[in-house]
$ cat protein-v7.pdb   # PDB, C-alpha atoms
ATOM      1  CA  MET A 663     -25.937 -30.922 -32.183
ATOM      2  CA  ALA A 664     -28.985 -29.142 -30.788
ATOM      3  CA  VAL A 665     -28.589 -31.038 -27.501
ATOM      4  CA  LEU A 666     -24.932 -29.988 -27.252
ATOM      5  CA  HIS A 667     -25.845 -26.368 -27.990
ATOM      6  CA  ALA A 668     -28.583 -26.397 -25.329
ATOM      7  CA  ARG A 669     -26.175 -27.938 -22.822
ATOM      8  CA  ARG A 670     -23.575 -25.249 -23.469
ATOM      9  CA  ARG A 671     -26.180 -22.528 -23.069
ATOM     10  CA  LEU A 672     -27.309 -24.068 -19.779
ATOM     11  CA  VAL A 673     -23.750 -24.325 -18.448
ATOM     12  CA  ASN A 674     -23.084 -20.743 -19.543
ATOM     13  CA  ALA A 675     -26.251 -19.505 -17.815
ATOM     14  CA  VAL A 676     -25.360 -21.344 -14.589
ATOM     15  CA  ALA A 677     -21.798 -19.977 -14.653
ATOM     16  CA  LEU A 678     -23.019 -16.421 -15.246
ATOM     17  CA  THR A 679     -25.581 -16.751 -12.460
ATOM     18  CA  LEU A 680     -23.012 -18.036  -9.962
ATOM     19  CA  SER A 681     -20.529 -15.316 -10.987
ATOM     20  CA  GLY A 682     -23.198 -12.652 -10.580
ATOM     21  CA  CYS A 683     -24.178 -13.987  -7.142
ATOM     22  CA  ALA A 684     -20.521 -14.029  -6.030
ATOM     23  CA  THR A 685     -20.043 -10.454  -7.255
ATOM     24  CA  ALA A 686     -23.220  -9.300  -5.514
ATOM     25  CA  LEU A 687     -22.154 -11.004  -2.279
ATOM     26  CA  GLY A 688     -18.751  -9.321  -2.364
ATOM     27  CA  LEU A 689     -20.273  -5.917  -3.084
ATOM     28  CA  LEU A 690     -22.798  -6.457  -0.291
ATOM     29  CA  PHE A 691     -20.094  -7.018   2.307
ATOM     30  CA  LEU A 692     -18.104  -4.087   0.941
ATOM     31  CA  ALA A 693     -21.122  -1.794   1.185
ATOM     32  CA  TRP A 694     -21.834  -3.106   4.680
ATOM     33  CA  ILE A 695     -18.291  -2.374   5.864
ATOM     34  CA  LEU A 696     -18.357   1.109   4.329
ATOM     35  CA  TRP A 697     -21.752   1.864   5.852
ATOM     36  CA  VAL A 698     -20.746   0.736   9.363
ATOM     37  CA  THR A 699     -17.491   2.713   9.158
ATOM     38  CA  LEU A 700     -19.294   5.820   7.934
ATOM     39  CA  LYS A 701     -22.108   5.551  10.478
ATOM     40  CA  ASN A 702     -19.757   5.155  13.460
ATOM     41  CA  GLY A 703     -17.035   7.554  12.355
ATOM     42  CA  ILE A 704     -18.898  10.477  10.819
ATOM     43  CA  GLY A 705     -19.838  11.845  14.246
ATOM     44  CA  ALA A 706     -16.189  12.484  15.197
ATOM     45  CA  LEU A 707     -15.186  14.192  11.949
ATOM     46  CA  ASP A 708     -14.788  17.730  13.228
ATOM     47  CA  LEU A 709     -12.052  20.326  13.591
ATOM     48  CA  LYS A 710     -10.956  18.864  16.924
ATOM     49  CA  LEU A 711     -10.002  15.607  15.224
ATOM     50  CA  PHE A 712      -7.395  17.422  13.095
ATOM     51  CA  THR A 713      -6.143  19.936  15.688
ATOM     52  CA  LYS A 714      -5.827  18.022  18.978
ATOM     53  CA  ILE A 715      -3.461  15.205  19.830
ATOM     54  CA  THR A 716      -4.178  11.834  21.381
ATOM     55  CA  ALA A 717      -2.993  12.850  24.856
ATOM     56  CA  TYR A 718      -6.273  14.653  25.576
ATOM     57  CA  ALA A 719      -8.181  11.423  26.296
ATOM     58  CA  ASP A 720     -11.858  11.663  25.318
ATOM     59  CA  GLN A 721     -11.373  15.298  24.244
ATOM     60  CA  GLY A 722      -8.477  14.418  21.981
ATOM     61  CA  GLY A 723      -8.029  14.040  18.276
ATOM     62  CA  LEU A 724      -5.688  12.486  15.749
ATOM     63  CA  ALA A 725      -3.482  15.416  14.720
ATOM     64  CA  ASN A 726      -0.229  13.763  15.816
ATOM     65  CA  ALA A 727      -1.315  10.425  14.342
ATOM     66  CA  ILE A 728      -2.132  12.011  10.973
ATOM     67  CA  ILE A 729       1.233  13.796  10.824
ATOM     68  CA  GLY A 730       3.081  10.655  11.935
ATOM     69  CA  SER A 731       1.357   8.496   9.330
ATOM     70  CA  LEU A 732       2.162  10.986   6.567
ATOM     71  CA  ILE A 733       5.828  11.177   7.577
ATOM     72  CA  MET A 734       6.332   7.414   7.844
ATOM     73  CA  ASP A 735       4.382   6.640   4.660
ATOM     74  CA  LEU A 736       6.331   9.202   2.637
ATOM     75  CA  ILE A 737       9.685   7.970   3.969
ATOM     76  CA  ALA A 738       8.664   4.370   3.247
ATOM     77  CA  LEU A 739       7.578   5.310  -0.265
ATOM     78  CA  ALA A 740      10.847   7.176  -0.852
ATOM     79  CA  ILE A 741      12.698   3.979   0.093
ATOM     80  CA  CYS A 742      10.656   1.306  -1.651
ATOM     81  CA  ALA A 743       9.494   3.092  -4.831
ATOM     82  CA  PRO A 744      12.920   3.649  -6.487
ATOM     83  CA  VAL A 745      14.214   0.236  -5.406
ATOM     84  CA  GLY A 746      11.012  -1.515  -6.482
ATOM     85  CA  ILE A 747      10.871   0.175  -9.896
ATOM     86  CA  LEU A 748      14.544  -0.579 -10.595
ATOM     87  CA  ALA A 749      14.179  -4.188  -9.458
ATOM     88  CA  GLY A 750      11.038  -4.686 -11.540
ATOM     89  CA  THR A 751      12.775  -3.184 -14.565
ATOM     90  CA  PHE A 752      15.734  -5.532 -14.103
ATOM     91  CA  LEU A 753      13.431  -8.543 -13.908
ATOM     92  CA  ALA A 754      11.432  -7.578 -16.996
ATOM     93  CA  GLU A 755      14.251  -6.413 -19.275
ATOM     94  CA  TYR A 756      17.474  -8.085 -18.164
ATOM     95  CA  ALA A 757      16.489 -11.282 -16.322
ATOM     96  CA  SER A 758      13.110 -12.126 -17.789
ATOM     97  CA  ARG A 759      13.924 -15.730 -18.723
ATOM     98  CA  SER A 760      16.969 -16.493 -16.605
ATOM     99  CA  LYS A 761      17.166 -18.631 -13.469
ATOM    100  CA  LEU A 762      18.184 -15.542 -11.514
ATOM    101  CA  GLY A 763      14.996 -13.770 -12.549
ATOM    102  CA  ALA A 764      12.854 -16.781 -11.632
ATOM    103  CA  THR A 765      14.547 -16.965  -8.231
ATOM    104  CA  ILE A 766      14.034 -13.255  -7.560
ATOM    105  CA  ARG A 767      10.366 -13.486  -8.554
ATOM    106  CA  PHE A 768       9.906 -16.457  -6.239
ATOM    107  CA  LEU A 769      11.499 -14.622  -3.310
ATOM    108  CA  ASN A 770       9.493 -11.501  -4.108
ATOM    109  CA  ASP A 771       6.256 -13.526  -4.035
ATOM    110  CA  ILE A 772       7.237 -14.911  -0.632
ATOM    111  CA  LEU A 773       7.869 -11.389   0.648
ATOM    112  CA  LEU A 774       4.565 -10.260  -0.884
ATOM    113  CA  SER A 775       2.629 -12.892   1.060
ATOM    114  CA  ALA A 776       4.626 -12.606   4.295
ATOM    115  CA  PRO A 777       2.579 -11.485   7.337
ATOM    116  CA  SER A 778       3.236  -7.856   8.148
ATOM    117  CA  ILE A 779       3.863  -8.666  11.808
ATOM    118  CA  VAL A 780       6.796 -10.880  10.767
ATOM    119  CA  LEU A 781       8.324  -7.978   8.841
ATOM    120  CA  GLY A 782       7.775  -5.769  11.879
ATOM    121  CA  LEU A 783       9.630  -8.246  14.098
ATOM    122  CA  PHE A 784      12.415  -8.457  11.520
ATOM    123  CA  VAL A 785      12.913  -4.680  11.554
ATOM    124  CA  TYR A 786      12.691  -4.726  15.347
ATOM    125  CA  VAL A 787      15.654  -7.120  15.435
ATOM    126  CA  ILE A 788      17.814  -5.430  12.800
ATOM    127  CA  VAL A 789      17.015  -1.769  13.522
ATOM    128  CA  VAL A 790      15.351  -1.175  16.894
ATOM    129  CA  LEU A 791      17.547  -3.456  19.023
ATOM    130  CA  PRO A 792      20.892  -2.260  17.531
ATOM    131  CA  MET A 793      19.810   1.344  18.095
ATOM    132  CA  SER A 794      18.883   0.371  21.655
ATOM    133  CA  ASN A 795      22.445  -0.820  22.236
ATOM    134  CA  LEU A 796      23.707   2.594  21.169
ATOM    135  CA  THR A 797      21.428   4.278  23.718
ATOM    136  CA  HIS A 798      22.633   2.139  26.653
ATOM    137  CA  GLY A 799      19.682  -0.234  26.839
ATOM    138  CA  ALA A 800      16.725   2.091  26.255
ATOM    139  CA  VAL A 801      14.470   0.600  23.569
ATOM    140  CA  SER A 802      14.835   2.888  20.561
ATOM    141  CA  PHE A 803      11.491   2.747  18.826
ATOM    142  CA  SER A 804      11.387   5.323  16.043
ATOM    143  CA  GLY A 805       9.399   6.523  13.086
ATOM    144  CA  LEU A 806      12.367   5.634  10.870
ATOM    145  CA  ALA A 807      12.156   1.995  11.955
ATOM    146  CA  GLY A 808       8.437   2.076  11.228
ATOM    147  CA  ALA A 809       9.099   3.523   7.768
ATOM    148  CA  ILE A 810      11.628   0.758   7.026
ATOM    149  CA  ALA A 811       9.072  -1.881   8.020
ATOM    150  CA  LEU A 812       6.457  -0.259   5.793
ATOM    151  CA  ALA A 813       8.970  -0.059   2.943
ATOM    152  CA  LEU A 814       9.500  -3.827   3.155
ATOM    153  CA  ILE A 815       5.732  -4.268   2.837
ATOM    154  CA  GLY A 816       5.376  -1.949  -0.159
ATOM    155  CA  LEU A 817       8.510  -3.114  -1.989
ATOM    156  CA  PRO A 818       7.207  -6.448  -3.380
ATOM    157  CA  VAL A 819       3.998  -4.778  -4.584
ATOM    158  CA  ILE A 820       5.949  -2.264  -6.664
ATOM    159  CA  VAL A 821       8.405  -4.886  -7.942
ATOM    160  CA  ARG A 822       5.595  -7.185  -9.070
ATOM    161  CA  THR A 823       3.582  -4.403 -10.705
ATOM    162  CA  THR A 824       6.572  -2.888 -12.524
ATOM    163  CA  ASP A 825       7.684  -6.300 -13.771
ATOM    164  CA  GLU A 826       4.244  -7.180 -15.124
ATOM    165  CA  MET A 827       3.574  -3.770 -16.667
ATOM    166  CA  LEU A 828       6.864  -3.793 -18.575
ATOM    167  CA  GLN A 829       6.197  -7.315 -19.817
ATOM    168  CA  LEU A 830       2.870  -6.118 -21.223
ATOM    169  CA  VAL A 831       4.656  -3.637 -23.507
ATOM    170  CA  PRO A 832       4.544  -5.143 -27.030
ATOM    171  CA  GLY A 833       7.744  -6.811 -28.169
ATOM    172  CA  THR A 834       7.472  -5.081 -31.523
ATOM    173  CA  LEU A 835       8.135  -1.781 -29.742
ATOM    174  CA  ARG A 836      11.425  -3.152 -28.442
ATOM    175  CA  GLU A 837      12.384  -4.535 -31.845
ATOM    176  CA  ALA A 838      11.595  -1.243 -33.580
ATOM    177  CA  ALA A 839      13.704   0.738 -31.120
ATOM    178  CA  LEU A 840      16.648  -1.671 -31.279
ATOM    179  CA  SER A 841      16.530  -1.719 -35.081
ATOM    180  CA  LEU A 842      17.163   2.027 -35.002
ATOM    181  CA  GLY A 843      20.361   1.459 -33.025
ATOM    182  CA  ILE A 844      19.036   2.719 -29.674
ATOM    183  CA  PRO A 845      21.057   1.362 -26.721
ATOM    184  CA  GLN A 846      19.312  -0.954 -24.293
ATOM    185  CA  TRP A 847      19.397   1.512 -21.389
ATOM    186  CA  LYS A 848      17.890   4.278 -23.523
ATOM    187  CA  LEU A 849      15.250   1.884 -24.830
ATOM    188  CA  THR A 850      14.309   0.988 -21.263
ATOM    189  CA  VAL A 851      14.235   4.525 -19.900
ATOM    190  CA  GLN A 852      12.841   6.537 -22.807
ATOM    191  CA  VAL A 853      10.555   4.008 -24.501
ATOM    192  CA  LEU A 854       9.470   1.159 -22.261
ATOM    193  CA  MET A 855       9.207   3.139 -19.019
ATOM    194  CA  ARG A 856       7.100   5.783 -20.766
ATOM    195  CA  ALA A 857       4.820   3.150 -22.236
ATOM    196  CA  ALA A 858       4.318   1.514 -18.826
ATOM    197  CA  THR A 859       4.130   4.713 -16.769
ATOM    198  CA  SER A 860       0.450   4.391 -15.905
ATOM    199  CA  GLY A 861       0.821   0.832 -14.642
ATOM    200  CA  ILE A 862       3.945   1.614 -12.636
ATOM    201  CA  VAL A 863       2.355   4.644 -10.975
ATOM    202  CA  THR A 864      -0.696   2.515 -10.206
ATOM    203  CA  GLY A 865       1.552   0.008  -8.450
ATOM    204  CA  VAL A 866       3.157   2.760  -6.373
ATOM    205  CA  LEU A 867      -0.247   4.103  -5.353
ATOM    206  CA  LEU A 868      -1.455   0.593  -4.503
ATOM    207  CA  ALA A 869       1.581   0.163  -2.274
ATOM    208  CA  LEU A 870       0.855   3.515  -0.597
ATOM    209  CA  ALA A 871      -2.754   2.484  -0.020
ATOM    210  CA  ARG A 872      -1.591  -0.716   1.652
ATOM    211  CA  LEU A 873       0.939   1.110   3.823
ATOM    212  CA  ALA A 874      -1.721   3.509   5.101
ATOM    213  CA  GLY A 875      -3.590   0.780   6.960
ATOM    214  CA  GLU A 876      -0.763  -1.321   8.408
ATOM    215  CA  THR A 877      -0.757  -1.623  12.198
ATOM    216  CA  ALA A 878       1.181  -4.682  13.347
ATOM    217  CA  PRO A 879       4.669  -3.696  12.103
ATOM    218  CA  LEU A 880       4.351  -0.226  13.625
ATOM    219  CA  LEU A 881       3.677  -1.657  17.095
ATOM    220  CA  PHE A 882       7.184  -3.177  17.059
ATOM    221  CA  THR A 883       8.971  -0.271  15.400
ATOM    222  CA  ALA A 884       7.396   3.188  15.760
ATOM    223  CA  PHE A 885       5.426   2.061  18.847
ATOM    224  CA  GLY A 886       3.266   5.196  19.026
ATOM    225  CA  ASN A 887       3.360   8.541  20.773
ATOM    226  CA  ASN A 888       0.628  10.598  22.453
ATOM    227  CA  PHE A 889       2.346  13.857  21.547
ATOM    228  CA  MET A 890       3.174  15.690  18.341
ATOM    229  CA  VAL A 891       6.534  14.508  16.987
ATOM    230  CA  ALA A 892       8.043  15.326  13.600
ATOM    231  CA  ASN A 893      11.495  13.807  14.187
ATOM    232  CA  PRO A 894      11.556  10.302  12.609
ATOM    233  CA  LEU A 895      14.220   9.239  15.107
ATOM    234  CA  ASP A 896      11.688   9.487  17.969
ATOM    235  CA  LYS A 897       8.687   7.342  18.777
ATOM    236  CA  MET A 898       5.950   8.362  16.382
ATOM    237  CA  ALA A 899       2.184   8.069  16.352
ATOM    238  CA  SER A 900       0.175   6.821  13.396
ATOM    239  CA  ILE A 901      -3.512   6.469  12.613
ATOM    240  CA  PRO A 902      -3.516   2.635  12.693
ATOM    241  CA  THR A 903      -1.771   2.496  16.077
ATOM    242  CA  ALA A 904      -4.081   5.217  17.431
ATOM    243  CA  ILE A 905      -7.075   3.145  16.306
ATOM    244  CA  TYR A 906      -5.592   0.121  18.074
ATOM    245  CA  GLN A 907      -4.970   2.174  21.209
ATOM    246  CA  TYR A 908      -8.453   3.711  21.294
ATOM    247  CA  THR A 909     -10.359   0.493  20.593
ATOM    248  CA  ASN A 910      -8.666  -1.172  23.569
ATOM    249  CA  ASP A 911      -9.802   1.650  25.860
ATOM    250  CA  PRO A 912     -13.120   1.200  27.728
ATOM    251  CA  ASN A 913     -14.127   4.821  27.057
ATOM    252  CA  PRO A 914     -16.900   4.889  24.381
ATOM    253  CA  ALA A 915     -15.851   8.392  23.284
ATOM    254  CA  LEU A 916     -12.468   7.013  22.250
ATOM    255  CA  HIS A 917     -14.167   4.281  20.249
ATOM    256  CA  THR A 918     -15.859   6.984  18.172
ATOM    257  CA  ILE A 919     -12.498   8.634  17.483
ATOM    258  CA  ALA A 920     -11.128   5.230  16.468
ATOM    259  CA  TRP A 921     -13.987   4.833  13.992
ATOM    260  CA  ALA A 922     -13.186   8.306  12.671
ATOM    261  CA  GLY A 923      -9.585   7.215  12.135
ATOM    262  CA  ALA A 924     -10.773   4.151  10.224
ATOM    263  CA  LEU A 925     -12.984   6.407   8.118
ATOM    264  CA  LEU A 926     -10.042   8.712   7.381
ATOM    265  CA  ILE A 927      -7.957   5.786   6.120
ATOM    266  CA  THR A 928     -10.864   4.567   3.995
ATOM    267  CA  LEU A 929     -11.383   8.017   2.478
ATOM    268  CA  PHE A 930      -7.646   8.324   1.827
ATOM    269  CA  VAL A 931      -7.537   5.043  -0.078
ATOM    270  CA  LEU A 932     -10.687   6.019  -1.980
ATOM    271  CA  ALA A 933      -9.164   9.383  -2.898
ATOM    272  CA  LEU A 934      -6.017   7.651  -4.164
ATOM    273  CA  SER A 935      -8.065   5.339  -6.368
ATOM    274  CA  LEU A 936     -10.226   8.123  -7.793
ATOM    275  CA  THR A 937      -7.236  10.400  -8.406
ATOM    276  CA  THR A 938      -5.396   7.624 -10.221
ATOM    277  CA  ARG A 939      -8.378   6.859 -12.442
ATOM    278  CA  LEU A 940      -8.947  10.559 -13.194
ATOM    279  CA  LEU A 941      -5.320  11.218 -14.117
ATOM    280  CA  PHE A 942      -5.009   8.178 -16.339
ATOM    281  CA  SER A 943      -8.350   8.777 -18.055
ATOM    282  CA  ARG A 944      -7.179  12.293 -18.961
ATOM    283  CA  ARG A 945      -3.835  10.884 -20.119
ATOM    284  CA  LYS A 946      -5.617   8.359 -22.337
ATOM    285  CA  VAL A 947      -7.895  11.018 -23.823
ATOM    286  CA  SER A 948      -4.952  13.294 -24.585
ATOM    287  CA  HIS A 949      -3.094  10.441 -26.301
ATOM    288  CA  ASP A 950      -6.144   9.525 -28.353
TER     289      ASP A 950
END
$ encode --input "protein-v7.pdb" --output "structure tokens"
Amino acid sequence: MAVLHARRRLVNAVALTLSGCATALGLLFLAWILWVTLKNGIGALDLKLFTKITAYADQGGLANAIIGSLIMDLIALAICAPVGILAGTFLAEYASRSKLGATIRFLNDILLSAPSIVLGLFVYVIVVLPMSNLTHGAVSFSGLAGAIALALIGLPVIVRTTDEMLQLVPGTLREAALSLGIPQWKLTVQVLMRAATSGIVTGVLLALARLAGETAPLLFTAFGNNFMVANPLDKMASIPTAIYQYTNDPNPALHTIAWAGALLITLFVLALSLTTRLLFSRRKVSHD
């Protein structure tokens, strides 16, 4: 018995040591990436970065790219968030154990793991090319096409998160509500959705964080623009495409602006994470 106990303690110590080493290695690379991004991008974080557009070469900024990214991300979120939440609710509450639900989950997982460039090509074929035919052959890249591609990327994230968060709601809560004669739709909207609000909002913010850094689908849809454009039906700049454009330029000054763009995206994702944690910690305290 003592030998077995010593063996279990040894195995536990080895497992904890390996887990700690893996965690430290991951944090090391994360800190390294953040440090390199900060070191190379902090020098270009000035007023010019937010007031000048990318057409000014080495004296330019990212004003049009910032506006374009905000427009396309918000349009994409407006498309994928309602659809994703409704689809996740259907899977969790109406098709949780049916073959239809299993099929939808399987297809959603495929879409979740699909390369973003494939989704960009898909939107290019179904949106950009048909619009090009309406404009007599001119390729109709647009911010709207870019937003649709981003929506396809964010949709499976929201569906999966909503589905899982609603399944985590205790079954006793459903039984208690139904025993009081509450209809299923009212149970879903007024009880279950409220109980899973924090998880659903987290999924939406995770999808937004992923959309902020996507480059490949925008190259086939929004394409990019060196000038300030607010019309989503025109070619539209974005921070990821501006980073791609500047890093391929031999001018070192443009490389610094590209690093600044990468730093902006990193800070944006960090701000989303911190805001989410702050809001939900306050919500938890108020409920307690």
$ atom_distance --input "protein-v7.pdb" --atom1 "atom CA of Glu826 of chain A" --atom2 "atom CA of Ile810 of chain A"
24.7 Å
$ residues_around --input "protein-v7.pdb" --residues "Gly722 of chain A" --least-positions-apart "6" --cutoff "9 Å" --atoms "only C-alpha atoms" --output "list in words"
Lys710, Leu711, Thr713, Lys714, Ile715, Thr716, Leu916 and Ile919 of chain A
$ atom_distance --input "protein-v7.pdb" --atom1 "atom CA of Ser731 of chain A" --atom2 "atom CA of Ile901 of chain A"
6.2 Å
$ closest_residue --input "protein-v7.pdb" --among "A:Ala776, A:Leu680, A:Val931, A:Ala749" --to "Gly763 of chain A" --atoms "only C-alpha atoms"
A:Ala749
$ closest_residue --input "protein-v7.pdb" --among "A:Leu881, A:Leu769, A:Asn795, A:Gly865" --to "Leu739 of chain A" --atoms "all atoms listed in the file"
A:Gly865
$ atom_distance --input "protein-v7.pdb" --atom1 "atom CA of Pro832 of chain A" --atom2 "atom CA of Ala857 of chain A"
9.6 Å
$ closest_residue --input "protein-v7.pdb" --among "A:Leu895, A:Ala807, A:Leu774, A:Val821" --to "Val787 of chain A" --atoms "only C-alpha atoms"
A:Ala807
$ closest_residue --input "protein-v7.pdb" --among "A:Ala869, A:Ile728, A:Leu781, A:Val698" --to "Gly746 of chain A" --atoms "all atoms listed in the file"
A:Ala869
$ axis_aligned_box --input "protein-v7.pdb" --around "segment 764-777 of chain A" --padding-each-side "8 Å" --output "AutoDock Vina command-line options"
--center_x 8.6 --center_y -13.6 --center_z -2.1 --size_x 28.0 --size_y 22.7 --size_z 35.0
$ resolve_selection --input "protein-v7.pdb" --expression "the PyMOL selection byres ((chain A and resi 742) around 12)" --output "ChimeraX atom specification"
/A:735-741,743-750,809-821,865-867,869-870,873
$ residues_around --input "protein-v7.pdb" --residues "Gln852 of chain A" --least-positions-apart "6" --cutoff "12 Å" --atoms "all atoms listed in the file" --output "count of residues only"
8
$ closest_residue --input "protein-v7.pdb" --among "A:Leu934, A:Leu929, A:Leu828, A:Ile905" --to "Leu868 of chain A" --atoms "only C-alpha atoms"
A:Leu934
$ closest_residue --input "protein-v7.pdb" --among "A:Thr834, A:Ser860, A:Asn770, A:Thr699" --to "His917 of chain A" --atoms "all atoms listed in the file"
A:Thr699
$ residues_around --input "protein-v7.pdb" --residues "Ile695 of chain A" --least-positions-apart "5" --cutoff "12 Å" --atoms "all atoms listed in the file" --output "list of chain:residue names"
A:Gly688, A:Leu689, A:Leu690, A:Leu700, A:Lys701, A:Asn702, A:Gly703, A:Trp921, A:Ala924, A:Leu925, A:Thr928
$ residues_around --input "protein-v7.pdb" --residues "Ala727 of chain A" --least-positions-apart "2" --cutoff "9 Å" --atoms "all atoms listed in the file" --output "PyMOL selection string"
chain A and resi 715-716+723-725+729-732+886-890+898-904
$ resolve_selection --input "protein-v7.pdb" --expression "the PyMOL selection byres ((chain A and resi 785) around 9)" --output "NGL selection string"
:A and (780-784 or 786-791 or 807-808 or 810-811 or 879 or 882-883)
$ write_last_selection --input "protein-v7.pdb" --atoms "C-alpha atoms" --output "compact mmCIF listing (two decimals), keeping the file's coordinate frame"
# COMPACT_ATOMS: atom_id res chain seq x y z
CA VAL A 780 6.80 -10.88 10.77
CA LEU A 781 8.32 -7.98 8.84
CA GLY A 782 7.78 -5.77 11.88
CA LEU A 783 9.63 -8.25 14.10
CA PHE A 784 12.42 -8.46 11.52
CA TYR A 786 12.69 -4.73 15.35
CA VAL A 787 15.65 -7.12 15.44
CA ILE A 788 17.81 -5.43 12.80
CA VAL A 789 17.02 -1.77 13.52
CA VAL A 790 15.35 -1.18 16.89
CA LEU A 791 17.55 -3.46 19.02
CA ALA A 807 12.16 2.00 11.96
CA GLY A 808 8.44 2.08 11.23
CA ILE A 810 11.63 0.76 7.03
CA ALA A 811 9.07 -1.88 8.02
CA PRO A 879 4.67 -3.70 12.10
CA PHE A 882 7.18 -3.18 17.06
CA THR A 883 8.97 -0.27 15.40
$ build_atoms --input "protein-v7.pdb" --residues "segment 803-817 of chain A" --atoms "N, CA and C atoms" --output "JSON list (two decimals), keeping the file's coordinate frame"
[["chain", "number", "residue", "atom", "x", "y", "z"],
["A", 803, "PHE", "N", 12.54, 2.72, 19.84],
["A", 803, "PHE", "CA", 11.49, 2.75, 18.83],
["A", 803, "PHE", "C", 11.59, 4.08, 18.09],
["A", 804, "SER", "N", 11.27, 4.08, 16.81],
["A", 804, "SER", "CA", 11.39, 5.32, 16.04],
["A", 804, "SER", "C", 10.50, 5.26, 14.81],
["A", 805, "GLY", "N", 10.15, 6.44, 14.32],
["A", 805, "GLY", "CA", 9.40, 6.52, 13.09],
["A", 805, "GLY", "C", 10.19, 6.01, 11.90],
["A", 806, "LEU", "N", 11.52, 6.14, 11.95],
["A", 806, "LEU", "CA", 12.37, 5.63, 10.87],
["A", 806, "LEU", "C", 12.28, 4.12, 10.79],
["A", 807, "ALA", "N", 12.31, 3.45, 11.94],
["A", 807, "ALA", "CA", 12.16, 2.00, 11.96],
["A", 807, "ALA", "C", 10.79, 1.59, 11.40],
["A", 808, "GLY", "N", 9.76, 2.35, 11.77],
["A", 808, "GLY", "CA", 8.44, 2.08, 11.23],
["A", 808, "GLY", "C", 8.39, 2.25, 9.72],
["A", 809, "ALA", "N", 9.07, 3.29, 9.22],
["A", 809, "ALA", "CA", 9.10, 3.52, 7.77],
["A", 809, "ALA", "C", 9.83, 2.40, 7.05],
["A", 810, "ILE", "N", 10.90, 1.87, 7.64],
["A", 810, "ILE", "CA", 11.63, 0.76, 7.03],
["A", 810, "ILE", "C", 10.74, -0.48, 6.95],
["A", 811, "ALA", "N", 9.99, -0.74, 8.03],
["A", 811, "ALA", "CA", 9.07, -1.88, 8.02],
["A", 811, "ALA", "C", 8.00, -1.71, 6.95],
["A", 812, "LEU", "N", 7.46, -0.52, 6.83],
["A", 812, "LEU", "CA", 6.46, -0.26, 5.79],
["A", 812, "LEU", "C", 7.05, -0.37, 4.40],
["A", 813, "ALA", "N", 8.32, 0.05, 4.24],
["A", 813, "ALA", "CA", 8.97, -0.06, 2.94],
["A", 813, "ALA", "C", 9.11, -1.52, 2.52],
["A", 814, "LEU", "N", 9.40, -2.40, 3.47],
["A", 814, "LEU", "CA", 9.50, -3.83, 3.16],
["A", 814, "LEU", "C", 8.15, -4.40, 2.72],
["A", 815, "ILE", "N", 7.07, -3.81, 3.22],
["A", 815, "ILE", "CA", 5.73, -4.27, 2.84],
["A", 815, "ILE", "C", 5.37, -3.76, 1.44],
["A", 816, "GLY", "N", 5.72, -2.52, 1.13],
["A", 816, "GLY", "CA", 5.38, -1.95, -0.16],
["A", 816, "GLY", "C", 6.29, -2.37, -1.29],
["A", 817, "LEU", "N", 7.53, -2.78, -0.96],
["A", 817, "LEU", "CA", 8.51, -3.11, -1.99],
["A", 817, "LEU", "C", 8.05, -4.22, -2.93]]
